[in-house]
>>> print(open('query31.cif').read())   # mmCIF, C-alpha atoms and all ligand atoms
data_run
loop_
_atom_site.group_PDB
_atom_site.id
_atom_site.type_symbol
_atom_site.label_atom_id
_atom_site.label_comp_id
_atom_site.auth_asym_id
_atom_site.auth_seq_id
_atom_site.Cartn_x
_atom_site.Cartn_y
_atom_site.Cartn_z
ATOM 1 C CA MET A 25 1.013 23.481 6.043
ATOM 2 C CA LYS A 26 -1.415 21.547 3.838
ATOM 3 C CA LYS A 27 -1.216 17.755 4.381
ATOM 4 C CA THR A 28 -1.125 15.987 1.013
ATOM 5 C CA ILE A 29 -1.149 12.199 0.659
ATOM 6 C CA LEU A 30 -0.688 9.763 -2.226
ATOM 7 C CA ILE A 31 -2.146 6.291 -1.775
ATOM 8 C CA THR A 32 -1.151 3.814 -4.467
ATOM 9 C CA GLY A 33 -3.905 1.338 -5.280
ATOM 10 C CA GLY A 34 -6.331 3.711 -3.585
ATOM 11 C CA SER A 35 -9.366 2.750 -5.606
ATOM 12 C CA GLU A 36 -10.315 -0.417 -3.731
ATOM 13 C CA GLY A 37 -9.955 -2.376 -0.506
ATOM 14 C CA ILE A 38 -7.411 -1.181 2.058
ATOM 15 C CA GLY A 39 -6.282 1.707 -0.166
ATOM 16 C CA ALA A 40 -9.818 3.056 -0.572
ATOM 17 C CA ALA A 41 -10.480 2.800 3.184
ATOM 18 C CA THR A 42 -7.221 4.676 3.794
ATOM 19 C CA ALA A 43 -8.177 7.390 1.286
ATOM 20 C CA LEU A 44 -11.578 7.929 2.918
ATOM 21 C CA LEU A 45 -10.085 8.141 6.413
ATOM 22 C CA ALA A 46 -7.265 10.451 5.270
ATOM 23 C CA ALA A 47 -9.837 12.829 3.794
ATOM 24 C CA ARG A 48 -11.780 12.831 7.072
ATOM 25 C CA GLN A 49 -8.526 13.733 8.841
ATOM 26 C CA GLY A 50 -8.011 16.760 6.589
ATOM 27 C CA TYR A 51 -5.558 15.449 4.009
ATOM 28 C CA VAL A 52 -5.765 16.474 0.380
ATOM 29 C CA VAL A 53 -5.973 12.979 -1.093
ATOM 30 C CA CYS A 54 -4.400 11.665 -4.305
ATOM 31 C CA ILE A 55 -5.338 8.124 -5.166
ATOM 32 C CA ASN A 56 -3.554 6.047 -7.735
ATOM 33 C CA TYR A 57 -5.084 3.110 -9.591
ATOM 34 C CA ARG A 58 -4.065 0.910 -12.518
ATOM 35 C CA GLN A 59 -7.236 0.200 -14.481
ATOM 36 C CA ASN A 60 -10.471 0.425 -12.497
ATOM 37 C CA GLN A 61 -11.352 4.056 -13.198
ATOM 38 C CA GLU A 62 -14.932 3.561 -12.061
ATOM 39 C CA ALA A 63 -13.829 2.458 -8.584
ATOM 40 C CA ALA A 64 -11.386 5.379 -8.383
ATOM 41 C CA GLN A 65 -14.125 7.841 -9.337
ATOM 42 C CA ALA A 66 -16.434 6.354 -6.692
ATOM 43 C CA VAL A 67 -13.807 7.010 -3.991
ATOM 44 C CA LEU A 68 -13.335 10.587 -5.248
ATOM 45 C CA SER A 69 -17.104 11.171 -5.184
ATOM 46 C CA ARG A 70 -17.426 9.912 -1.603
ATOM 47 C CA ILE A 71 -14.578 12.193 -0.460
ATOM 48 C CA ARG A 72 -15.955 15.234 -2.282
ATOM 49 C CA GLU A 73 -19.477 14.617 -0.975
ATOM 50 C CA GLY A 74 -17.972 14.733 2.510
ATOM 51 C CA GLY A 75 -16.411 18.126 1.751
ATOM 52 C CA GLY A 76 -12.895 16.788 1.097
ATOM 53 C CA GLU A 77 -10.435 17.439 -1.739
ATOM 54 C CA ALA A 78 -9.328 14.457 -3.835
ATOM 55 C CA TYR A 79 -7.708 13.597 -7.171
ATOM 56 C CA ALA A 80 -7.157 10.347 -9.068
ATOM 57 C CA TYR A 81 -4.063 9.341 -11.060
ATOM 58 C CA GLN A 82 -3.951 6.352 -13.374
ATOM 59 C CA ALA A 83 -0.502 4.735 -13.431
ATOM 60 C CA ASP A 84 0.948 1.245 -13.287
ATOM 61 C CA VAL A 85 3.369 1.511 -10.361
ATOM 62 C CA SER A 86 5.639 -1.118 -11.889
ATOM 63 C CA ASP A 87 6.325 1.184 -14.862
ATOM 64 C CA GLU A 88 9.040 3.755 -14.093
ATOM 65 C CA GLU A 89 7.919 6.241 -16.739
ATOM 66 C CA GLN A 90 4.315 6.167 -15.513
ATOM 67 C CA VAL A 91 5.403 6.621 -11.882
ATOM 68 C CA VAL A 92 7.623 9.608 -12.721
ATOM 69 C CA ARG A 93 4.805 11.140 -14.765
ATOM 70 C CA MET A 94 2.303 10.658 -11.919
ATOM 71 C CA PHE A 95 4.523 12.399 -9.367
ATOM 72 C CA SER A 96 5.180 15.308 -11.772
ATOM 73 C CA SER A 97 1.437 15.697 -12.360
ATOM 74 C CA ILE A 98 0.811 15.765 -8.597
ATOM 75 C CA ASP A 99 3.541 18.450 -8.189
ATOM 76 C CA ARG A 100 1.847 20.584 -10.836
ATOM 77 C CA GLU A 101 -1.798 19.995 -10.025
ATOM 78 C CA VAL A 102 -1.914 19.416 -6.264
ATOM 79 C CA GLY A 103 1.347 20.460 -4.586
ATOM 80 C CA THR A 104 4.046 18.931 -2.418
ATOM 81 C CA LEU A 105 3.374 15.500 -0.976
ATOM 82 C CA THR A 106 3.747 15.082 2.769
ATOM 83 C CA ALA A 107 2.692 11.426 2.958
ATOM 84 C CA LEU A 108 2.902 8.302 0.795
ATOM 85 C CA VAL A 109 1.167 4.967 1.309
ATOM 86 C CA ASN A 110 2.739 2.235 -0.812
ATOM 87 C CA ASN A 111 -0.370 0.064 -0.922
ATOM 88 C CA ALA A 112 -0.771 -1.197 -4.524
ATOM 89 C CA GLY A 113 -0.243 -4.935 -4.587
ATOM 90 C CA ILE A 114 -1.299 -8.101 -6.378
ATOM 91 C CA ILE A 115 -1.606 -11.815 -5.700
ATOM 92 C CA GLU A 116 -1.637 -14.382 -8.490
ATOM 93 C CA PRO A 117 -3.741 -17.586 -8.275
ATOM 94 C CA GLN A 118 -2.715 -20.112 -5.640
ATOM 95 C CA GLN A 119 0.111 -22.408 -6.756
ATOM 96 C CA ARG A 120 3.033 -24.307 -5.329
ATOM 97 C CA LEU A 121 6.447 -22.817 -6.056
ATOM 98 C CA VAL A 122 7.276 -25.787 -8.246
ATOM 99 C CA GLN A 123 4.571 -24.638 -10.703
ATOM 100 C CA MET A 124 5.494 -20.933 -10.891
ATOM 101 C CA SER A 125 6.544 -19.413 -14.227
ATOM 102 C CA ALA A 126 9.147 -16.676 -14.590
ATOM 103 C CA GLU A 127 6.424 -14.508 -16.136
ATOM 104 C CA ARG A 128 4.325 -14.743 -12.974
ATOM 105 C CA LEU A 129 7.321 -14.032 -10.724
ATOM 106 C CA HIS A 130 8.354 -10.959 -12.739
ATOM 107 C CA LYS A 131 4.799 -9.607 -12.615
ATOM 108 C CA VAL A 132 4.345 -10.016 -8.848
ATOM 109 C CA PHE A 133 7.797 -8.663 -7.974
ATOM 110 C CA ALA A 134 7.463 -5.762 -10.448
ATOM 111 C CA THR A 135 4.198 -4.555 -8.909
ATOM 112 C CA ASN A 136 4.740 -5.298 -5.227
ATOM 113 C CA VAL A 137 8.468 -4.581 -4.907
ATOM 114 C CA VAL A 138 9.697 -2.432 -7.808
ATOM 115 C CA GLY A 139 6.510 -0.337 -7.656
ATOM 116 C CA SER A 140 7.010 0.430 -3.962
ATOM 117 C CA PHE A 141 10.704 1.260 -4.476
ATOM 118 C CA LEU A 142 9.948 3.631 -7.368
ATOM 119 C CA CYS A 143 7.189 5.473 -5.506
ATOM 120 C CA ALA A 144 9.342 5.747 -2.365
ATOM 121 C CA ARG A 145 12.189 7.133 -4.491
ATOM 122 C CA GLU A 146 10.027 9.824 -6.054
ATOM 123 C CA ALA A 147 8.431 10.758 -2.716
ATOM 124 C CA ILE A 148 11.803 11.056 -0.944
ATOM 125 C CA LYS A 149 13.200 13.350 -3.649
ATOM 126 C CA ARG A 150 10.374 15.738 -2.834
ATOM 127 C CA MET A 151 10.184 15.317 0.963
ATOM 128 C CA SER A 152 13.882 15.303 1.842
ATOM 129 C CA ALA A 153 15.169 18.145 3.987
ATOM 130 C CA LYS A 154 18.426 17.727 1.998
ATOM 131 C CA ASN A 155 16.496 18.838 -1.129
ATOM 132 C CA HIS A 156 14.854 21.728 0.747
ATOM 133 C CA GLY A 157 11.747 19.589 1.318
ATOM 134 C CA SER A 158 9.712 19.801 4.506
ATOM 135 C CA GLY A 159 9.990 16.111 5.418
ATOM 136 C CA GLY A 160 7.244 13.543 5.348
ATOM 137 C CA SER A 161 6.081 10.100 6.261
ATOM 138 C CA ILE A 162 5.834 6.848 4.293
ATOM 139 C CA VAL A 163 3.871 3.727 5.184
ATOM 140 C CA ASN A 164 4.454 0.550 3.210
ATOM 141 C CA VAL A 165 1.703 -2.054 3.145
ATOM 142 C CA SER A 166 3.449 -5.358 3.748
ATOM 143 C CA SER A 167 1.665 -8.516 4.939
ATOM 144 C CA MET A 168 1.789 -11.190 7.621
ATOM 145 C CA ALA A 169 2.643 -13.402 4.649
ATOM 146 C CA SER A 170 6.237 -12.147 4.984
ATOM 147 C CA ARG A 171 6.441 -13.994 8.316
ATOM 148 C CA LEU A 172 4.237 -16.991 7.468
ATOM 149 C CA GLY A 173 5.636 -17.685 3.975
ATOM 150 C CA SER A 174 2.264 -18.627 2.389
ATOM 151 C CA PRO A 175 3.110 -22.289 1.590
ATOM 152 C CA PHE A 176 0.847 -24.004 -0.996
ATOM 153 C CA GLU A 177 -0.722 -20.617 -1.825
ATOM 154 C CA TYR A 178 1.736 -17.942 -2.951
ATOM 155 C CA ILE A 179 5.294 -18.003 -1.690
ATOM 156 C CA ASP A 180 6.131 -15.451 -4.394
ATOM 157 C CA TYR A 181 3.711 -12.937 -2.876
ATOM 158 C CA ALA A 182 5.044 -13.641 0.642
ATOM 159 C CA ALA A 183 8.592 -13.052 -0.604
ATOM 160 C CA THR A 184 7.636 -9.693 -2.109
ATOM 161 C CA LYS A 185 6.351 -8.665 1.312
ATOM 162 C CA GLY A 186 9.604 -9.884 2.880
ATOM 163 C CA ALA A 187 11.344 -7.491 0.505
ATOM 164 C CA ILE A 188 9.043 -4.689 1.621
ATOM 165 C CA ASP A 189 9.910 -5.374 5.275
ATOM 166 C CA SER A 190 13.642 -5.157 4.458
ATOM 167 C CA MET A 191 13.136 -2.014 2.408
ATOM 168 C CA THR A 192 11.246 -0.426 5.309
ATOM 169 C CA LEU A 193 14.083 -1.203 7.742
ATOM 170 C CA GLY A 194 16.855 0.029 5.441
ATOM 171 C CA LEU A 195 15.111 3.081 4.049
ATOM 172 C CA SER A 196 13.979 4.279 7.469
ATOM 173 C CA LYS A 197 17.642 4.528 8.469
ATOM 174 C CA GLU A 198 18.748 6.127 5.173
ATOM 175 C CA VAL A 199 16.305 9.017 5.467
ATOM 176 C CA ALA A 200 15.924 9.420 9.241
ATOM 177 C CA GLU A 201 18.098 12.550 9.217
ATOM 178 C CA GLU A 202 16.134 13.995 6.301
ATOM 179 C CA ASN A 203 12.982 14.382 8.413
ATOM 180 C CA ILE A 204 11.263 11.402 6.782
ATOM 181 C CA ARG A 205 9.812 8.450 8.717
ATOM 182 C CA VAL A 206 9.273 5.085 7.034
ATOM 183 C CA ASN A 207 7.135 2.359 8.600
ATOM 184 C CA ALA A 208 5.123 -0.657 7.477
ATOM 185 C CA VAL A 209 1.865 -2.294 8.408
ATOM 186 C CA ARG A 210 1.545 -6.054 8.094
ATOM 187 C CA PRO A 211 -2.130 -6.909 7.698
ATOM 188 C CA GLY A 212 -3.317 -10.437 8.266
ATOM 189 C CA THR A 213 -6.345 -11.655 6.314
ATOM 190 C CA ILE A 214 -8.569 -8.695 5.459
ATOM 191 C CA TYR A 215 -11.980 -8.682 3.732
ATOM 192 C CA THR A 216 -11.214 -7.229 0.266
ATOM 193 C CA ASP A 217 -11.573 -8.355 -3.350
ATOM 194 C CA ILE A 218 -7.907 -9.375 -3.542
ATOM 195 C CA HIS A 219 -8.848 -12.934 -2.503
ATOM 196 C CA GLY A 220 -11.310 -13.235 -5.379
ATOM 197 C CA LYS A 221 -8.710 -11.929 -7.817
ATOM 198 C CA ALA A 222 -6.393 -14.701 -6.535
ATOM 199 C CA GLY A 223 -9.125 -17.288 -7.182
ATOM 200 C CA GLU A 224 -10.618 -17.826 -3.687
ATOM 201 C CA PRO A 225 -13.147 -15.115 -2.747
ATOM 202 C CA ASN A 226 -14.097 -16.892 0.496
ATOM 203 C CA ARG A 227 -10.538 -17.312 1.754
ATOM 204 C CA PRO A 228 -11.124 -15.038 4.795
ATOM 205 C CA GLU A 229 -13.876 -17.407 5.977
ATOM 206 C CA ARG A 230 -11.732 -20.491 5.354
ATOM 207 C CA VAL A 231 -8.752 -19.240 7.378
ATOM 208 C CA ARG A 232 -10.580 -17.527 10.231
ATOM 209 C CA GLU A 233 -10.229 -20.502 12.610
ATOM 210 C CA ALA A 234 -6.426 -20.172 12.376
ATOM 211 C CA ILE A 235 -6.606 -16.544 13.535
ATOM 212 C CA PRO A 236 -6.435 -16.151 17.351
ATOM 213 C CA MET A 237 -9.245 -13.551 17.251
ATOM 214 C CA LYS A 238 -11.284 -15.986 15.103
ATOM 215 C CA ARG A 239 -12.143 -13.429 12.456
ATOM 216 C CA ALA A 240 -10.638 -11.716 9.427
ATOM 217 C CA GLY A 241 -10.059 -7.951 9.599
ATOM 218 C CA GLN A 242 -11.801 -5.000 7.984
ATOM 219 C CA PRO A 243 -9.951 -2.598 5.653
ATOM 220 C CA GLU A 244 -10.804 0.251 8.042
ATOM 221 C CA GLU A 245 -8.848 -1.472 10.833
ATOM 222 C CA VAL A 246 -5.726 -1.370 8.656
ATOM 223 C CA ALA A 247 -6.462 2.206 7.543
ATOM 224 C CA ASN A 248 -6.626 3.353 11.183
ATOM 225 C CA THR A 249 -3.126 2.013 11.815
ATOM 226 C CA ILE A 250 -1.734 3.510 8.594
ATOM 227 C CA LEU A 251 -3.092 6.968 9.410
ATOM 228 C CA TRP A 252 -1.786 6.731 12.966
ATOM 229 C CA LEU A 253 1.714 5.826 11.731
ATOM 230 C CA LEU A 254 1.621 8.758 9.311
ATOM 231 C CA SER A 255 0.516 11.187 12.002
ATOM 232 C CA ASP A 256 2.519 13.239 14.504
ATOM 233 C CA GLU A 257 1.226 10.909 17.205
ATOM 234 C CA ALA A 258 3.818 8.458 15.844
ATOM 235 C CA SER A 259 6.539 11.141 15.602
ATOM 236 C CA TYR A 260 9.277 8.990 17.226
ATOM 237 C CA ILE A 261 8.428 5.800 15.303
ATOM 238 C CA THR A 262 10.419 4.833 12.244
ATOM 239 C CA GLY A 263 11.480 1.459 10.852
ATOM 240 C CA ALA A 264 8.569 -0.278 12.628
ATOM 241 C CA LEU A 265 6.682 -3.247 11.182
ATOM 242 C CA VAL A 266 3.246 -3.115 12.792
ATOM 243 C CA ASP A 267 1.147 -6.297 12.635
ATOM 244 C CA VAL A 268 -2.598 -5.751 12.126
ATOM 245 C CA ALA A 269 -3.533 -9.395 12.109
ATOM 246 C CA GLY A 270 -5.820 -10.434 14.965
ATOM 247 C CA GLY A 271 -2.954 -12.017 16.868
ATOM 248 C CA ARG A 272 -1.593 -14.200 14.085
HETATM 249 P P1 LIG B 301 -7.405 -4.946 -3.728
HETATM 250 O O1 LIG B 301 -8.725 -4.786 -3.082
HETATM 251 O O2 LIG B 301 -7.221 -5.986 -4.786
HETATM 252 O O3 LIG B 301 -6.923 -3.525 -4.270
HETATM 253 C C1 LIG B 301 -5.686 -3.442 -4.923
HETATM 254 C C2 LIG B 301 -5.470 -2.030 -5.405
HETATM 255 O O4 LIG B 301 -4.165 -1.952 -6.007
HETATM 256 C C3 LIG B 301 -6.470 -1.590 -6.460
HETATM 257 O O5 LIG B 301 -6.741 -0.230 -6.262
HETATM 258 C C4 LIG B 301 -5.680 -1.794 -7.753
HETATM 259 O O6 LIG B 301 -6.115 -0.932 -8.805
HETATM 260 C C5 LIG B 301 -4.292 -1.425 -7.322
HETATM 261 N N1 LIG B 301 -3.221 -1.947 -8.164
HETATM 262 C C6 LIG B 301 -2.941 -3.245 -8.450
HETATM 263 N N2 LIG B 301 -1.877 -3.299 -9.264
HETATM 264 C C7 LIG B 301 -1.493 -2.027 -9.489
HETATM 265 C C8 LIG B 301 -0.450 -1.439 -10.271
HETATM 266 N N3 LIG B 301 0.416 -2.183 -10.985
HETATM 267 N N4 LIG B 301 -0.355 -0.083 -10.286
HETATM 268 C C9 LIG B 301 -1.219 0.677 -9.576
HETATM 269 N N5 LIG B 301 -2.214 0.177 -8.837
HETATM 270 C C10 LIG B 301 -2.347 -1.168 -8.802
HETATM 271 O O7 LIG B 301 -6.272 -5.290 -2.626
HETATM 272 P P2 LIG B 301 -6.216 -5.086 -1.022
HETATM 273 O O8 LIG B 301 -6.613 -6.352 -0.417
HETATM 274 O O9 LIG B 301 -6.874 -3.814 -0.632
HETATM 275 O O10 LIG B 301 -4.635 -4.966 -0.848
HETATM 276 C C11 LIG B 301 -3.965 -3.738 -0.697
HETATM 277 C C12 LIG B 301 -2.582 -4.023 -0.158
HETATM 278 O O11 LIG B 301 -2.699 -4.724 1.074
HETATM 279 C C13 LIG B 301 -1.740 -4.923 -1.062
HETATM 280 O O12 LIG B 301 -0.398 -4.488 -1.039
HETATM 281 C C14 LIG B 301 -1.861 -6.290 -0.413
HETATM 282 O O13 LIG B 301 -0.767 -7.092 -0.688
HETATM 283 C C15 LIG B 301 -1.915 -5.883 1.047
HETATM 284 N N6 LIG B 301 -2.497 -6.901 1.921
HETATM 285 C C16 LIG B 301 -3.795 -7.309 1.753
HETATM 286 C C17 LIG B 301 -4.302 -8.292 2.598
HETATM 287 C C18 LIG B 301 -5.707 -8.802 2.486
HETATM 288 O O14 LIG B 301 -6.036 -9.837 3.095
HETATM 289 N N7 LIG B 301 -6.595 -8.131 1.734
HETATM 290 C C19 LIG B 301 -3.488 -8.846 3.602
HETATM 291 C C20 LIG B 301 -2.187 -8.403 3.732
HETATM 292 C C21 LIG B 301 -1.705 -7.430 2.889
HETATM 293 P P3 LIG B 301 -6.860 -1.549 -10.125
HETATM 294 O O15 LIG B 301 -8.047 -2.316 -9.602
HETATM 295 O O16 LIG B 301 -7.203 -0.366 -10.928
HETATM 296 O O17 LIG B 301 -5.837 -2.475 -10.751
#
>>> encode(input="query31.cif", output="structure tokens")
Amino acid sequence: MKKTILITGGSEGIGAATALLAARQGYVVCINYRQNQEAAQAVLSRIREGGGEAYAYQADVSDEEQVVRMFSSIDREVGTLTALVNNAGIIEPQQRLVQMSAERLHKVFATNVVGSFLCAREAIKRMSAKNHGSGGSIVNVSSMASRLGSPFEYIDYAATKGAIDSMTLGLSKEVAEENIRVNAVRPGTIYTDIHGKAGEPNRPERVREAIPMKRAGQPEEVANTILWLLSDEASYITGALVDVAGGR
């Protein structure tokens, strides 16, 4: 059976590294992005140049209509999904909780939490053995922030990742009998543009001394763990939260 994967936020950073590795492992790759079409096209080009098959879908994962439309388009144009990586996520500029507006909180929770729930819902409808699906595997991209709490930086972001951890635990049990595994990776500090978008591009260098391995991680190191969790090598693993954080 053809292995088909959707990676939300697959145009940059950890998502792009995951898309490139998935293609090398023989997946037909669908990447989702919100606005940066150029970055999405660059990932598609690299996969196609390597002989792989890849497609890009623009959709804001926090918007239910756009998510439903994206999954229907994939059904029509690519085929049945066997894997989902809930990777799209945002961080707003560093602030103490006492400064946070409701607008900011709604935005971060809508993207990081509601987006992951909606995509998981649509994937499960298609994968579930109860719906005559062939099963599948989901990996949620959480963060070490869920355990550390991100004080003085972004407690809101950390709390969204706490929600993702809980969702992973609950959902893995709900769908275990439907031939679907659900796991999460919890990256520590990884070299991507997300830190610049949150106002501190050099954050990985600033925090490296607090990391037992004394370095930030590369997106490919997270991608390796995601692809392993998706694979049959992890066939008896579900509901796991796997830290990829240099010992933090
Ligand atoms: P990134 O480089 O900023 O990439 C984020 C990706 O998500 C982009 O492709 C972006 O697309 C997409 N995206 C953002 N909002 C979206 C939305 N509403 N709908 C669809 N796509 C959306 O981030 P990253 O560092 O690779 O992070 C990826 C995941 O890893 C996130 O969940 C993040 O929380 C998690 N993580 C990162 C780190 C780290 O240190 N980098 C650590 C722990 C966890 P557009 O550019 O088109 O908006």
>>> resolve_selection(input="query31.cif", expression="the PyMOL selection byres (((not hetatm)) within 8 of (chain B and resi 301))", output="MDAnalysis selection string")
chainID A and resid 32:40 56:61 63:64 82:87 110:115 134:136 139 165:169 181 185 210:219 221 228 241 243
>>> write_last_selection(input="query31.cif", atoms="C-alpha atoms", output="mmCIF file, in the frame of the given file")
data_model
loop_
_atom_site.group_PDB
_atom_site.id
_atom_site.type_symbol
_atom_site.label_atom_id
_atom_site.label_comp_id
_atom_site.auth_asym_id
_atom_site.auth_seq_id
_atom_site.Cartn_x
_atom_site.Cartn_y
_atom_site.Cartn_z
ATOM 1 C CA THR A 32 -1.151 3.814 -4.467
ATOM 2 C CA GLY A 33 -3.905 1.338 -5.280
ATOM 3 C CA GLY A 34 -6.331 3.711 -3.585
ATOM 4 C CA SER A 35 -9.366 2.750 -5.606
ATOM 5 C CA GLU A 36 -10.315 -0.417 -3.731
ATOM 6 C CA GLY A 37 -9.955 -2.376 -0.506
ATOM 7 C CA ILE A 38 -7.411 -1.181 2.058
ATOM 8 C CA GLY A 39 -6.282 1.707 -0.166
ATOM 9 C CA ALA A 40 -9.818 3.056 -0.572
ATOM 10 C CA ASN A 56 -3.554 6.047 -7.735
ATOM 11 C CA TYR A 57 -5.084 3.110 -9.591
ATOM 12 C CA ARG A 58 -4.065 0.910 -12.518
ATOM 13 C CA GLN A 59 -7.236 0.200 -14.481
ATOM 14 C CA ASN A 60 -10.471 0.425 -12.497
ATOM 15 C CA GLN A 61 -11.352 4.056 -13.198
ATOM 16 C CA ALA A 63 -13.829 2.458 -8.584
ATOM 17 C CA ALA A 64 -11.386 5.379 -8.383
ATOM 18 C CA GLN A 82 -3.951 6.352 -13.374
ATOM 19 C CA ALA A 83 -0.502 4.735 -13.431
ATOM 20 C CA ASP A 84 0.948 1.245 -13.287
ATOM 21 C CA VAL A 85 3.369 1.511 -10.361
ATOM 22 C CA SER A 86 5.639 -1.118 -11.889
ATOM 23 C CA ASP A 87 6.325 1.184 -14.862
ATOM 24 C CA ASN A 110 2.739 2.235 -0.812
ATOM 25 C CA ASN A 111 -0.370 0.064 -0.922
ATOM 26 C CA ALA A 112 -0.771 -1.197 -4.524
ATOM 27 C CA GLY A 113 -0.243 -4.935 -4.587
ATOM 28 C CA ILE A 114 -1.299 -8.101 -6.378
ATOM 29 C CA ILE A 115 -1.606 -11.815 -5.700
ATOM 30 C CA ALA A 134 7.463 -5.762 -10.448
ATOM 31 C CA THR A 135 4.198 -4.555 -8.909
ATOM 32 C CA ASN A 136 4.740 -5.298 -5.227
ATOM 33 C CA GLY A 139 6.510 -0.337 -7.656
ATOM 34 C CA VAL A 165 1.703 -2.054 3.145
ATOM 35 C CA SER A 166 3.449 -5.358 3.748
ATOM 36 C CA SER A 167 1.665 -8.516 4.939
ATOM 37 C CA MET A 168 1.789 -11.190 7.621
ATOM 38 C CA ALA A 169 2.643 -13.402 4.649
ATOM 39 C CA TYR A 181 3.711 -12.937 -2.876
ATOM 40 C CA LYS A 185 6.351 -8.665 1.312
ATOM 41 C CA ARG A 210 1.545 -6.054 8.094
ATOM 42 C CA PRO A 211 -2.130 -6.909 7.698
ATOM 43 C CA GLY A 212 -3.317 -10.437 8.266
ATOM 44 C CA THR A 213 -6.345 -11.655 6.314
ATOM 45 C CA ILE A 214 -8.569 -8.695 5.459
ATOM 46 C CA TYR A 215 -11.980 -8.682 3.732
ATOM 47 C CA THR A 216 -11.214 -7.229 0.266
ATOM 48 C CA ASP A 217 -11.573 -8.355 -3.350
ATOM 49 C CA ILE A 218 -7.907 -9.375 -3.542
ATOM 50 C CA HIS A 219 -8.848 -12.934 -2.503
ATOM 51 C CA LYS A 221 -8.710 -11.929 -7.817
ATOM 52 C CA PRO A 228 -11.124 -15.038 4.795
ATOM 53 C CA GLY A 241 -10.059 -7.951 9.599
ATOM 54 C CA PRO A 243 -9.951 -2.598 5.653
#
>>> closest_residue(input="query31.cif", among="A:Ala208, A:Leu68, A:Glu127, A:Gly159", to="Ser140 of chain A", atoms="only C-alpha atoms")
A:Ala208
>>> closest_residue(input="query31.cif", among="A:Arg272, A:Arg72, A:Arg145, A:Lys27", to="Leu172 of chain A", atoms="only C-alpha atoms")
A:Arg272
>>> residues_around(input="query31.cif", residues="Thr28 of chain A", least_positions_apart="2", cutoff="9 Å", atoms="only C-alpha atoms", output="NGL selection string")
:A and (26 or 30 or 50-54 or 102-108)
>>> resolve_selection(input="query31.cif", expression="the PyMOL selection byres (((chain A and resi 202) around 12) and not hetatm)", output="PyMOL selection string")
chain A and resi 148-161+195-201+203-206
>>> write_last_selection(input="query31.cif", atoms="C-alpha atoms", output="PDB file, in the frame of the given file")
ATOM      1  CA  ILE A 148      11.803  11.056  -0.944  1.00  0.00           C
ATOM      2  CA  LYS A 149      13.200  13.350  -3.649  1.00  0.00           C
ATOM      3  CA  ARG A 150      10.374  15.738  -2.834  1.00  0.00           C
ATOM      4  CA  MET A 151      10.184  15.317   0.963  1.00  0.00           C
ATOM      5  CA  SER A 152      13.882  15.303   1.842  1.00  0.00           C
ATOM      6  CA  ALA A 153      15.169  18.145   3.987  1.00  0.00           C
ATOM      7  CA  LYS A 154      18.426  17.727   1.998  1.00  0.00           C
ATOM      8  CA  ASN A 155      16.496  18.838  -1.129  1.00  0.00           C
ATOM      9  CA  HIS A 156      14.854  21.728   0.747  1.00  0.00           C
ATOM     10  CA  GLY A 157      11.747  19.589   1.318  1.00  0.00           C
ATOM     11  CA  SER A 158       9.712  19.801   4.506  1.00  0.00           C
ATOM     12  CA  GLY A 159       9.990  16.111   5.418  1.00  0.00           C
ATOM     13  CA  GLY A 160       7.244  13.543   5.348  1.00  0.00           C
ATOM     14  CA  SER A 161       6.081  10.100   6.261  1.00  0.00           C
ATOM     15  CA  LEU A 195      15.111   3.081   4.049  1.00  0.00           C
ATOM     16  CA  SER A 196      13.979   4.279   7.469  1.00  0.00           C
ATOM     17  CA  LYS A 197      17.642   4.528   8.469  1.00  0.00           C
ATOM     18  CA  GLU A 198      18.748   6.127   5.173  1.00  0.00           C
ATOM     19  CA  VAL A 199      16.305   9.017   5.467  1.00  0.00           C
ATOM     20  CA  ALA A 200      15.924   9.420   9.241  1.00  0.00           C
ATOM     21  CA  GLU A 201      18.098  12.550   9.217  1.00  0.00           C
ATOM     22  CA  ASN A 203      12.982  14.382   8.413  1.00  0.00           C
ATOM     23  CA  ILE A 204      11.263  11.402   6.782  1.00  0.00           C
ATOM     24  CA  ARG A 205       9.812   8.450   8.717  1.00  0.00           C
ATOM     25  CA  VAL A 206       9.273   5.085   7.034  1.00  0.00           C
TER      26      VAL A 206
END
>>> resolve_selection(input="query31.cif", expression="the PyMOL selection byres (((chain A and resi 249) around 10) and not hetatm)", output="list of chain:residue names")
A:Thr42, A:Val163, A:Ala208, A:Val209, A:Pro211, A:Glu244, A:Glu245, A:Val246, A:Ala247, A:Asn248, A:Ile250, A:Leu251, A:Trp252, A:Leu253, A:Leu254, A:Ser255, A:Val266, A:Asp267, A:Val268
>>> atom_distance(input="query31.cif", atom1="atom CA of Ala47 of chain A", atom2="atom CA of Thr184 of chain A")
29.1 Å
>>> residues_around(input="query31.cif", residues="Pro236 of chain A", least_positions_apart="5", cutoff="10 Å", atoms="only C-alpha atoms", output="number ranges by chain")
A: 269-272
>>> closest_residue(input="query31.cif", among="A:Glu177, A:Glu146, A:Glu116, A:Glu233", to="Glu88 of chain A", atoms="only C-alpha atoms")
A:Glu146
>>> closest_residue(input="query31.cif", among="A:Glu224, A:Arg93, A:Ala240, A:Asn207", to="Tyr260 of chain A", atoms="all atoms listed in the file")
A:Asn207
>>> atom_distance(input="query31.cif", atom1="atom CA of Arg227 of chain A", atom2="atom CA of Ala46 of chain A")
28.2 Å
>>> closest_residue(input="query31.cif", among="A:Val67, A:Val109, A:Ala264, A:Ile179", to="Thr192 of chain A", atoms="all atoms listed in the file")
A:Ala264
>>> atom_distance(input="query31.cif", atom1="atom CA of Phe141 of chain A", atom2="atom CA of Gly194 of chain A")
11.7 Å
>>> closest_residue(input="query31.cif", among="A:His130, A:Arg70, A:Leu142, A:Ala187", to="Glu89 of chain A", atoms="only C-alpha atoms")
A:Leu142
>>> residues_around(input="query31.cif", residues="Gln123 of chain A", least_positions_apart="3", cutoff="12 Å", atoms="all atoms listed in the file", output="MDAnalysis selection string")
chainID A and resid 117:120 126:129 176:180
